[in-house]
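**Student:** Encoded as structure tokens, here's the structure I'll be asking about.
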Protein chains: 2
Amino acid sequence: MPSDEYSYRVLKLLSQNPHLSQRDLAKELGISLGKVNYCLKALIEVGLVKAKNFKNSRNKQAYAYLLTPQGIEEKTKITVRFLNSKLAEFQALKSEIETLRKEVGSHVDTVSE
Amino acid sequence: MPSDEYSYRVLKLLSQNPHLSQRDLAKELGISLGKVNYCLKALIEVGLVKAKNFKNSRNKQAYAYLLTPQGIEEKTKITVRFLNSKLAEFQALKSEIETLRKEVGSHVDTVSE
DNA sequence: ATGATCCCGTTCATCGAGTGAACGCCAGAG
DNA sequence: CTCTGGCGTTCACTCGATGAACGGGATCAT
């Protein structure tokens, strides 16, 4: 089970373009091929993605990673959940910055270096 | 060389209370004892912290991790640098939340579940 | 004095997430 | 046919992080 972050990002990319290869995804996501393989397998396992090859059943080059109906539905849920976690992160970050500003002891909006 | 984050946090805690043990620091920072030991050694190595035992030179229980003058000075610089990185993070997070909101397709300020 | 206990800093075997080179496979080009 | 290239898959390897275990000093009860 990949994190919400990677589930979200993989599902988003695949919904935009099902023809991305695992290597494409790795480059796009900034992670390794091995990890993409792991995430993708998990998403297929739970039925959110289906690997379809439209040309020939033995041609891996023709793979398309299509979101299943469940995948489309779940993608929204995951996105909301991910958004919420980001909002919480946002609040925490705001507090931390507030604290740091007080420690620095000046009003810093943008700092050059 | 610990990250700015840990340098900042360790220096902050020690400036507040030099009598914290490595175990105290570990608990406070939410990291392992081993990592604290590593960070602290590095800070001592570069001269930002000095381990002083005020009772007896052989009593480890009496250790105090005091910020050197350089440590006090550097603490401010590190804090500013850390703040800046947090501000950048803040902007990035803001953008990401914006994107996520658009994808969710509604105006979400706080979401219950 | 002696032993038991406690907390200290230090060490290092162990772990696990992440990596990417290498493999077998297949299609298309020469 | 061979050769090349991109595909998914695998797995030995890396490396930061972990915390149990250790030796040592202080304290206290015996």
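In the structure tokens, chains take the letters A, B, ... in the order shown, each chain's residues start at 1, and ligands count up from 1 in the order shown.
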Give me the chain A side of the contact with chain D, cut-off 12 Å, one line per residue showing its nearest atom pair and distance in Å at one decimal, counting only C-alpha atoms (C1' of nucleotides), sorted by chain and residue number, as a Markdown table.

**Tutor:**
| residue | atom | partner | partner_atom | distance |
| --- | --- | --- | --- | --- |
| A:His19 | CA | D:DC7 | C1' | 11.9 |
| A:Leu20 | CA | D:DC7 | C1' | 11.2 |
| A:Ser21 | CA | D:DC7 | C1' | 7.8 |
| A:Gln22 | CA | D:DG8 | C1' | 7.9 |
| A:Arg23 | CA | D:DC7 | C1' | 9.2 |
| A:Asp24 | CA | D:DG6 | C1' | 11.3 |
| A:Leu33 | CA | D:DG8 | C1' | 10.0 |
| A:Gly34 | CA | D:DT9 | C1' | 8.8 |
| A:Lys35 | CA | D:DT9 | C1' | 11.8 |
| A:Val36 | CA | D:DG8 | C1' | 10.9 |
| A:Asn37 | CA | D:DG8 | C1' | 8.1 |
| A:Tyr38 | CA | D:DT9 | C1' | 10.2 |
| A:Leu40 | CA | D:DG8 | C1' | 11.1 |
| A:Lys41 | CA | D:DG8 | C1' | 10.8 |
| A:Ala51 | CA | D:DG8 | C1' | 11.3 |
| A:Asn53 | CA | D:DC7 | C1' | 11.9 |
| A:Arg58 | CA | D:DC7 | C1' | 11.0 |
| A:Asn59 | CA | D:DC7 | C1' | 8.4 |
| A:Lys60 | CA | D:DC7 | C1' | 5.5 |
| A:Gln61 | CA | D:DC7 | C1' | 5.1 |
| A:Ala62 | CA | D:DC7 | C1' | 8.6 |
| A:Tyr63 | CA | D:DC7 | C1' | 8.6 |
| A:Ala64 | CA | D:DC7 | C1' | 11.7 |

**Student:** Write out the residues from the selection above, keeping N, CA and C atoms, as a compact mmCIF listing (two decimals), in the first residue's frame.

**Tutor:**
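Ended up saving to out.txt:
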# COMPACT_ATOMS: atom_id res chain seq x y z
N HIS A 19 -0.64 5.86 -21.01
CA HIS A 19 0.43 5.21 -21.78
C HIS A 19 1.82 5.47 -21.22
N LEU A 20 1.87 6.13 -20.08
CA LEU A 20 3.17 6.34 -19.45
C LEU A 20 3.77 5.00 -19.03
N SER A 21 5.03 4.84 -19.31
CA SER A 21 5.71 3.62 -18.87
C SER A 21 6.14 3.80 -17.41
N GLN A 22 6.57 2.72 -16.81
CA GLN A 22 7.02 2.80 -15.42
C GLN A 22 8.24 3.72 -15.33
N ARG A 23 9.03 3.71 -16.35
CA ARG A 23 10.19 4.60 -16.35
C ARG A 23 9.77 6.06 -16.48
N ASP A 24 8.74 6.30 -17.29
CA ASP A 24 8.21 7.66 -17.40
C ASP A 24 7.71 8.14 -16.05
N LEU A 33 12.70 3.43 -10.40
CA LEU A 33 11.90 2.48 -11.16
C LEU A 33 11.32 1.41 -10.26
N GLY A 34 12.12 0.93 -9.35
CA GLY A 34 11.68 -0.12 -8.44
C GLY A 34 10.49 0.29 -7.60
N LYS A 35 10.52 1.52 -7.16
CA LYS A 35 9.42 1.99 -6.32
C LYS A 35 8.14 2.18 -7.12
N VAL A 36 8.29 2.67 -8.34
CA VAL A 36 7.13 2.80 -9.20
C VAL A 36 6.51 1.43 -9.43
N ASN A 37 7.34 0.47 -9.70
CA ASN A 37 6.87 -0.89 -9.93
C ASN A 37 6.08 -1.38 -8.73
N TYR A 38 6.61 -1.10 -7.57
CA TYR A 38 5.95 -1.51 -6.33
C TYR A 38 4.60 -0.83 -6.17
N LEU A 40 2.71 0.65 -8.43
CA LEU A 40 1.80 0.30 -9.50
C LEU A 40 1.19 -1.08 -9.27
N LYS A 41 2.04 -2.00 -8.87
CA LYS A 41 1.55 -3.35 -8.59
C LYS A 41 0.49 -3.34 -7.51
N ALA A 51 -3.86 -3.07 -15.97
CA ALA A 51 -2.87 -2.99 -17.04
C ALA A 51 -3.45 -3.62 -18.29
N ASN A 53 -3.18 -4.12 -22.45
CA ASN A 53 -2.42 -3.95 -23.68
C ASN A 53 -3.37 -4.15 -24.85
N ARG A 58 0.64 -10.04 -25.56
CA ARG A 58 2.00 -10.35 -25.12
C ARG A 58 2.96 -9.18 -25.30
N ASN A 59 2.39 -8.09 -25.76
CA ASN A 59 3.27 -6.95 -26.02
C ASN A 59 3.29 -5.97 -24.86
N LYS A 60 4.32 -6.05 -24.11
CA LYS A 60 4.43 -5.16 -22.94
C LYS A 60 4.58 -3.71 -23.35
N GLN A 61 5.10 -3.52 -24.53
CA GLN A 61 5.30 -2.15 -24.98
C GLN A 61 3.98 -1.43 -25.20
N ALA A 62 2.94 -2.20 -25.35
CA ALA A 62 1.65 -1.59 -25.63
C ALA A 62 0.80 -1.44 -24.38
N TYR A 63 1.40 -1.67 -23.23
CA TYR A 63 0.68 -1.56 -21.97
C TYR A 63 0.04 -0.19 -21.83
N ALA A 64 -1.14 -0.22 -21.27
CA ALA A 64 -1.76 1.03 -20.85
C ALA A 64 -2.25 0.80 -19.42

**Student:** Using only C-alpha atoms (C1' of nucleotides), find each residue in chain C having at least one atom no more than 12 Å away from chain A; report its shortest atom-to-atom pair and that distance in Å (one decimal), rows by chain then rising number, as CSV.

**Tutor:**
residue,atom,partner,partner_atom,distance
C:DA17,C1',A:Lys35,CA,9.5
C:DG18,C1',A:Lys35,CA,7.3
C:DT19,C1',A:Ser32,CA,6.2
C:DG20,C1',A:Ser32,CA,7.3
C:DA21,C1',A:Leu33,CA,11.3
C:DC25,C1',A:Lys60,CA,8.5
C:DC26,C1',A:Asn59,CA,6.2
C:DA27,C1',A:Asn59,CA,7.8
C:DG28,C1',A:Gln61,CA,11.6

**Student:** Quick check: residues of chain A within 8 Å of chain B, only C-alpha atoms, returned as number ranges by chain.

**Tutor:** A: 76, 79-81, 83-84, 86-87, 90, 93-94, 97, 100-101, 103-104, 110-111, 113

**Student:** Within chain B, find each residue whose DSSP state, derived from the backbone, is alpha helix (DSSP H), and express the selection as an NGL selection string.

**Tutor:** :B and (4-16 or 22-29 or 33-45 or 69-104)

**Student:** Once chain B is superposed on chain A with a least-squares fit on all C-alpha pairs taken in order, can you show it as a short mmCIF file (atom, residue, chain, number, x, y, z; two decimals) with N, CA and C atoms, in the first residue's frame?

**Tutor:**
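Below you can see part-v4.cif, which holds the result:
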data_model
loop_
_atom_site.label_atom_id
_atom_site.label_comp_id
_atom_site.auth_asym_id
_atom_site.auth_seq_id
_atom_site.Cartn_x
_atom_site.Cartn_y
_atom_site.Cartn_z
N MET B 1 0.85 -1.21 0.01
CA MET B 1 0.00 -0.01 0.03
C MET B 1 0.86 1.26 0.02
N PRO B 2 0.91 1.88 -1.12
CA PRO B 2 1.67 3.13 -1.21
C PRO B 2 1.01 4.20 -0.33
N SER B 3 1.74 5.24 -0.05
CA SER B 3 1.17 6.35 0.72
C SER B 3 0.13 7.07 -0.13
N ASP B 4 -0.73 7.84 0.53
CA ASP B 4 -1.71 8.64 -0.19
C ASP B 4 -1.03 9.51 -1.23
N GLU B 5 0.14 10.03 -0.84
CA GLU B 5 0.86 10.91 -1.75
C GLU B 5 1.16 10.22 -3.08
N TYR B 6 1.71 9.03 -3.00
CA TYR B 6 2.08 8.35 -4.25
C TYR B 6 0.86 7.78 -4.96
N SER B 7 -0.11 7.31 -4.20
CA SER B 7 -1.34 6.86 -4.84
C SER B 7 -1.95 8.00 -5.63
N TYR B 8 -2.04 9.14 -4.97
CA TYR B 8 -2.61 10.32 -5.62
C TYR B 8 -1.85 10.70 -6.88
N ARG B 9 -0.55 10.77 -6.76
CA ARG B 9 0.27 11.24 -7.88
C ARG B 9 0.26 10.26 -9.04
N VAL B 10 0.32 8.98 -8.71
CA VAL B 10 0.29 7.97 -9.78
C VAL B 10 -1.06 7.98 -10.48
N LEU B 11 -2.12 7.98 -9.70
CA LEU B 11 -3.46 7.97 -10.29
C LEU B 11 -3.70 9.22 -11.13
N LYS B 12 -3.19 10.33 -10.66
CA LYS B 12 -3.36 11.58 -11.40
C LYS B 12 -2.66 11.49 -12.76
N LEU B 13 -1.41 11.08 -12.73
CA LEU B 13 -0.65 10.98 -13.97
C LEU B 13 -1.26 9.99 -14.95
N LEU B 14 -1.68 8.85 -14.42
CA LEU B 14 -2.25 7.83 -15.30
C LEU B 14 -3.61 8.23 -15.86
N SER B 15 -4.37 8.98 -15.07
CA SER B 15 -5.67 9.43 -15.57
C SER B 15 -5.46 10.44 -16.70
N GLN B 16 -4.33 11.15 -16.64
CA GLN B 16 -4.03 12.10 -17.71
C GLN B 16 -3.47 11.39 -18.94
N ASN B 17 -2.66 10.36 -18.66
CA ASN B 17 -2.04 9.64 -19.76
C ASN B 17 -1.71 8.19 -19.38
N PRO B 18 -2.58 7.27 -19.78
CA PRO B 18 -2.41 5.87 -19.39
C PRO B 18 -1.22 5.20 -20.08
N HIS B 19 -0.65 5.88 -21.03
CA HIS B 19 0.43 5.23 -21.79
C HIS B 19 1.82 5.50 -21.22
N LEU B 20 1.86 6.15 -20.11
CA LEU B 20 3.16 6.37 -19.46
C LEU B 20 3.75 5.03 -19.05
N SER B 21 5.02 4.86 -19.33
CA SER B 21 5.70 3.65 -18.88
C SER B 21 6.13 3.83 -17.42
N GLN B 22 6.57 2.75 -16.83
CA GLN B 22 7.03 2.83 -15.44
C GLN B 22 8.23 3.75 -15.34
N ARG B 23 9.04 3.76 -16.36
CA ARG B 23 10.19 4.66 -16.36
C ARG B 23 9.76 6.12 -16.48
N ASP B 24 8.73 6.35 -17.30
CA ASP B 24 8.20 7.70 -17.40
C ASP B 24 7.69 8.17 -16.04
N LEU B 25 6.94 7.30 -15.41
CA LEU B 25 6.39 7.63 -14.10
C LEU B 25 7.50 7.92 -13.10
N ALA B 26 8.52 7.09 -13.13
CA ALA B 26 9.63 7.27 -12.20
C ALA B 26 10.26 8.65 -12.37
N LYS B 27 10.47 9.02 -13.61
CA LYS B 27 11.09 10.32 -13.89
C LYS B 27 10.16 11.45 -13.45
N GLU B 28 8.91 11.29 -13.77
CA GLU B 28 7.91 12.32 -13.44
C GLU B 28 7.76 12.48 -11.92
N LEU B 29 7.79 11.36 -11.23
CA LEU B 29 7.57 11.39 -9.78
C LEU B 29 8.86 11.63 -9.01
N GLY B 30 9.97 11.51 -9.71
CA GLY B 30 11.25 11.72 -9.03
C GLY B 30 11.62 10.59 -8.10
N ILE B 31 11.16 9.39 -8.42
CA ILE B 31 11.51 8.23 -7.61
C ILE B 31 12.08 7.15 -8.50
N SER B 32 12.49 6.07 -7.89
CA SER B 32 13.16 5.02 -8.65
C SER B 32 12.17 4.13 -9.40
N LEU B 33 12.71 3.47 -10.39
CA LEU B 33 11.90 2.53 -11.15
C LEU B 33 11.32 1.45 -10.25
N GLY B 34 12.14 0.96 -9.36
CA GLY B 34 11.70 -0.10 -8.45
C GLY B 34 10.51 0.30 -7.61
N LYS B 35 10.52 1.54 -7.18
CA LYS B 35 9.43 2.01 -6.33
C LYS B 35 8.15 2.17 -7.13
N VAL B 36 8.29 2.67 -8.34
CA VAL B 36 7.13 2.80 -9.21
C VAL B 36 6.51 1.43 -9.44
N ASN B 37 7.36 0.48 -9.72
CA ASN B 37 6.88 -0.88 -9.95
C ASN B 37 6.09 -1.39 -8.74
N TYR B 38 6.63 -1.11 -7.58
CA TYR B 38 5.96 -1.53 -6.35
C TYR B 38 4.60 -0.85 -6.18
N CYS B 39 4.57 0.47 -6.37
CA CYS B 39 3.33 1.23 -6.21
C CYS B 39 2.28 0.77 -7.20
N LEU B 40 2.70 0.65 -8.44
CA LEU B 40 1.79 0.29 -9.51
C LEU B 40 1.19 -1.10 -9.28
N LYS B 41 2.04 -2.01 -8.90
CA LYS B 41 1.56 -3.37 -8.61
C LYS B 41 0.51 -3.36 -7.52
N ALA B 42 0.75 -2.53 -6.51
CA ALA B 42 -0.19 -2.44 -5.39
C ALA B 42 -1.52 -1.88 -5.86
N LEU B 43 -1.47 -0.86 -6.70
CA LEU B 43 -2.69 -0.25 -7.20
C LEU B 43 -3.47 -1.22 -8.09
N ILE B 44 -2.73 -2.03 -8.84
CA ILE B 44 -3.37 -3.05 -9.66
C ILE B 44 -3.98 -4.13 -8.78
N GLU B 45 -3.21 -4.48 -7.77
CA GLU B 45 -3.64 -5.53 -6.82
C GLU B 45 -5.00 -5.21 -6.20
N VAL B 46 -5.16 -3.95 -5.78
CA VAL B 46 -6.41 -3.57 -5.11
C VAL B 46 -7.48 -3.14 -6.11
N GLY B 47 -7.15 -3.20 -7.39
CA GLY B 47 -8.18 -2.98 -8.40
C GLY B 47 -8.44 -1.54 -8.79
N LEU B 48 -7.50 -0.65 -8.47
CA LEU B 48 -7.70 0.75 -8.86
C LEU B 48 -7.16 1.01 -10.27
N VAL B 49 -6.24 0.15 -10.68
CA VAL B 49 -5.64 0.28 -12.00
C VAL B 49 -5.66 -1.08 -12.68
N LYS B 50 -5.83 -1.05 -13.98
CA LYS B 50 -5.75 -2.29 -14.74
C LYS B 50 -4.76 -2.11 -15.87
N ALA B 51 -3.84 -3.07 -15.98
CA ALA B 51 -2.86 -2.98 -17.06
C ALA B 51 -3.44 -3.62 -18.30
N LYS B 52 -3.64 -2.80 -19.30
CA LYS B 52 -4.24 -3.31 -20.53
C LYS B 52 -3.29 -3.10 -21.70
N ASN B 53 -3.16 -4.10 -22.49
CA ASN B 53 -2.40 -3.91 -23.72
C ASN B 53 -3.35 -4.10 -24.89
N PHE B 54 -3.54 -3.03 -25.61
CA PHE B 54 -4.62 -2.99 -26.60
C PHE B 54 -4.22 -3.63 -27.93
N LYS B 55 -2.94 -3.82 -28.13
CA LYS B 55 -2.52 -4.40 -29.40
C LYS B 55 -2.49 -5.91 -29.33
N ASN B 56 -1.60 -6.35 -28.48
CA ASN B 56 -1.33 -7.77 -28.42
C ASN B 56 -1.17 -8.14 -26.95
N SER B 57 -1.75 -9.22 -26.55
CA SER B 57 -1.75 -9.56 -25.14
C SER B 57 -0.36 -9.86 -24.61
N ARG B 58 0.61 -10.00 -25.51
CA ARG B 58 1.95 -10.31 -25.02
C ARG B 58 2.94 -9.16 -25.22
N ASN B 59 2.38 -8.05 -25.66
CA ASN B 59 3.27 -6.93 -25.94
C ASN B 59 3.31 -5.93 -24.79
N LYS B 60 4.36 -6.02 -24.04
CA LYS B 60 4.49 -5.14 -22.89
C LYS B 60 4.66 -3.69 -23.30
N GLN B 61 5.16 -3.49 -24.49
CA GLN B 61 5.37 -2.11 -24.95
C GLN B 61 4.06 -1.39 -25.18
N ALA B 62 3.00 -2.17 -25.32
CA ALA B 62 1.71 -1.56 -25.61
C ALA B 62 0.85 -1.41 -24.37
N TYR B 63 1.46 -1.66 -23.23
CA TYR B 63 0.71 -1.56 -21.98
C TYR B 63 0.06 -0.19 -21.84
N ALA B 64 -1.12 -0.21 -21.29
CA ALA B 64 -1.75 1.03 -20.85
C ALA B 64 -2.24 0.80 -19.44
N TYR B 65 -1.93 1.73 -18.58
CA TYR B 65 -2.37 1.60 -17.18
C TYR B 65 -3.62 2.42 -17.00
N LEU B 66 -4.73 1.74 -17.13
CA LEU B 66 -6.02 2.43 -17.08
C LEU B 66 -6.62 2.40 -15.69
N LEU B 67 -7.20 3.52 -15.28
CA LEU B 67 -7.92 3.55 -14.02
C LEU B 67 -9.22 2.79 -14.19
N THR B 68 -9.50 1.92 -13.25
CA THR B 68 -10.78 1.23 -13.25
C THR B 68 -11.84 2.21 -12.74
N PRO B 69 -13.11 1.88 -12.90
CA PRO B 69 -14.16 2.75 -12.32
C PRO B 69 -13.91 2.99 -10.83
N GLN B 70 -13.55 1.93 -10.17
CA GLN B 70 -13.22 2.07 -8.74
C GLN B 70 -12.02 2.98 -8.56
N GLY B 71 -11.08 2.89 -9.47
CA GLY B 71 -9.90 3.73 -9.40
C GLY B 71 -10.23 5.20 -9.54
N ILE B 72 -11.16 5.48 -10.44
CA ILE B 72 -11.59 6.87 -10.65
C ILE B 72 -12.26 7.41 -9.40
N GLU B 73 -13.09 6.56 -8.84
CA GLU B 73 -13.82 6.96 -7.63
C GLU B 73 -12.87 7.16 -6.46
N GLU B 74 -11.99 6.19 -6.31
CA GLU B 74 -11.06 6.22 -5.18
C GLU B 74 -10.07 7.38 -5.32
N LYS B 75 -9.75 7.71 -6.53
CA LYS B 75 -8.81 8.80 -6.79
C LYS B 75 -9.30 10.08 -6.11
N THR B 76 -10.59 10.33 -6.21
CA THR B 76 -11.16 11.53 -5.58
C THR B 76 -11.02 11.46 -4.07
N LYS B 77 -11.36 10.31 -3.52
CA LYS B 77 -11.27 10.15 -2.07
C LYS B 77 -9.84 10.35 -1.58
N ILE B 78 -8.92 9.74 -2.30
CA ILE B 78 -7.52 9.85 -1.92
C ILE B 78 -7.05 11.30 -2.02
N THR B 79 -7.52 11.97 -3.07
CA THR B 79 -7.13 13.37 -3.25
C THR B 79 -7.62 14.22 -2.08
N VAL B 80 -8.86 14.00 -1.69
CA VAL B 80 -9.42 14.75 -0.56
C VAL B 80 -8.62 14.47 0.71
N ARG B 81 -8.32 13.21 0.91
CA ARG B 81 -7.57 12.83 2.11
C ARG B 81 -6.18 13.45 2.08
N PHE B 82 -5.60 13.43 0.91
CA PHE B 82 -4.26 14.00 0.75
C PHE B 82 -4.30 15.51 0.96
N LEU B 83 -5.33 16.12 0.42
CA LEU B 83 -5.50 17.57 0.62
C LEU B 83 -5.60 17.90 2.10
N ASN B 84 -6.38 17.11 2.80
CA ASN B 84 -6.53 17.36 4.24
C ASN B 84 -5.21 17.25 4.98
N SER B 85 -4.44 16.28 4.61
CA SER B 85 -3.15 16.12 5.29
C SER B 85 -2.25 17.30 4.96
N LYS B 86 -2.39 17.81 3.74
CA LYS B 86 -1.60 18.97 3.35
C LYS B 86 -2.06 20.23 4.09
N LEU B 87 -3.35 20.32 4.33
CA LEU B 87 -3.88 21.47 5.08
C LEU B 87 -3.36 21.44 6.50
N ALA B 88 -3.31 20.26 7.08
CA ALA B 88 -2.78 20.13 8.44
C ALA B 88 -1.30 20.52 8.45
N GLU B 89 -0.62 20.05 7.44
CA GLU B 89 0.79 20.38 7.29
C GLU B 89 0.97 21.89 7.16
N PHE B 90 0.07 22.47 6.44
CA PHE B 90 0.10 23.92 6.21
C PHE B 90 0.00 24.68 7.53
N GLN B 91 -0.94 24.27 8.34
CA GLN B 91 -1.12 24.92 9.64
C GLN B 91 0.12 24.76 10.51
N ALA B 92 0.65 23.56 10.52
CA ALA B 92 1.84 23.29 11.33
C ALA B 92 3.01 24.13 10.86
N LEU B 93 3.12 24.23 9.54
CA LEU B 93 4.22 25.01 8.97
C LEU B 93 4.07 26.48 9.31
N LYS B 94 2.84 26.95 9.28
CA LYS B 94 2.55 28.34 9.62
C LYS B 94 3.00 28.65 11.05
N SER B 95 2.66 27.74 11.94
CA SER B 95 3.05 27.92 13.33
C SER B 95 4.56 27.92 13.47
N GLU B 96 5.19 27.00 12.79
CA GLU B 96 6.64 26.90 12.91
C GLU B 96 7.33 28.15 12.38
N ILE B 97 6.81 28.66 11.28
CA ILE B 97 7.38 29.89 10.72
C ILE B 97 7.19 31.05 11.68
N GLU B 98 6.02 31.08 12.28
CA GLU B 98 5.74 32.11 13.28
C GLU B 98 6.79 32.06 14.38
N THR B 99 7.01 30.87 14.89
CA THR B 99 8.01 30.68 15.95
C THR B 99 9.40 31.13 15.49
N LEU B 100 9.76 30.70 14.30
CA LEU B 100 11.08 31.04 13.77
C LEU B 100 11.23 32.55 13.60
N ARG B 101 10.18 33.20 13.15
CA ARG B 101 10.23 34.65 12.97
C ARG B 101 10.48 35.35 14.29
N LYS B 102 9.80 34.88 15.31
CA LYS B 102 9.99 35.48 16.64
C LYS B 102 11.43 35.30 17.10
N GLU B 103 11.97 34.14 16.80
CA GLU B 103 13.34 33.87 17.23
C GLU B 103 14.35 34.72 16.47
N VAL B 104 14.08 34.90 15.20
CA VAL B 104 14.97 35.75 14.42
C VAL B 104 14.83 37.20 14.87
N GLY B 105 13.64 37.51 15.35
CA GLY B 105 13.43 38.81 15.95
C GLY B 105 13.31 39.97 14.98
N SER B 106 12.79 39.68 13.80
CA SER B 106 12.53 40.77 12.86
C SER B 106 11.42 40.35 11.93
N HIS B 107 10.93 41.29 11.16
CA HIS B 107 9.84 40.97 10.25
C HIS B 107 10.42 40.63 8.89
N VAL B 108 10.47 39.39 8.62
CA VAL B 108 11.08 38.93 7.38
C VAL B 108 10.01 38.40 6.44
N ASP B 109 9.89 39.03 5.30
CA ASP B 109 8.94 38.53 4.32
C ASP B 109 9.66 37.71 3.27
N THR B 110 10.72 38.31 2.78
CA THR B 110 11.58 37.58 1.86
C THR B 110 13.01 37.92 2.23
N VAL B 111 13.79 36.92 2.31
CA VAL B 111 15.18 37.13 2.70
C VAL B 111 16.08 36.77 1.54
N SER B 112 17.01 37.64 1.27
CA SER B 112 17.87 37.43 0.11
C SER B 112 18.77 36.22 0.29
N GLU B 113 19.61 36.29 1.27
CA GLU B 113 20.54 35.16 1.45
C GLU B 113 20.61 34.78 2.93
#

**Student:** As a PyMOL selection string, which residues of chain B does DSSP assign to strand (DSSP E)?

**Tutor:** chain B and resi 49-53+63-67
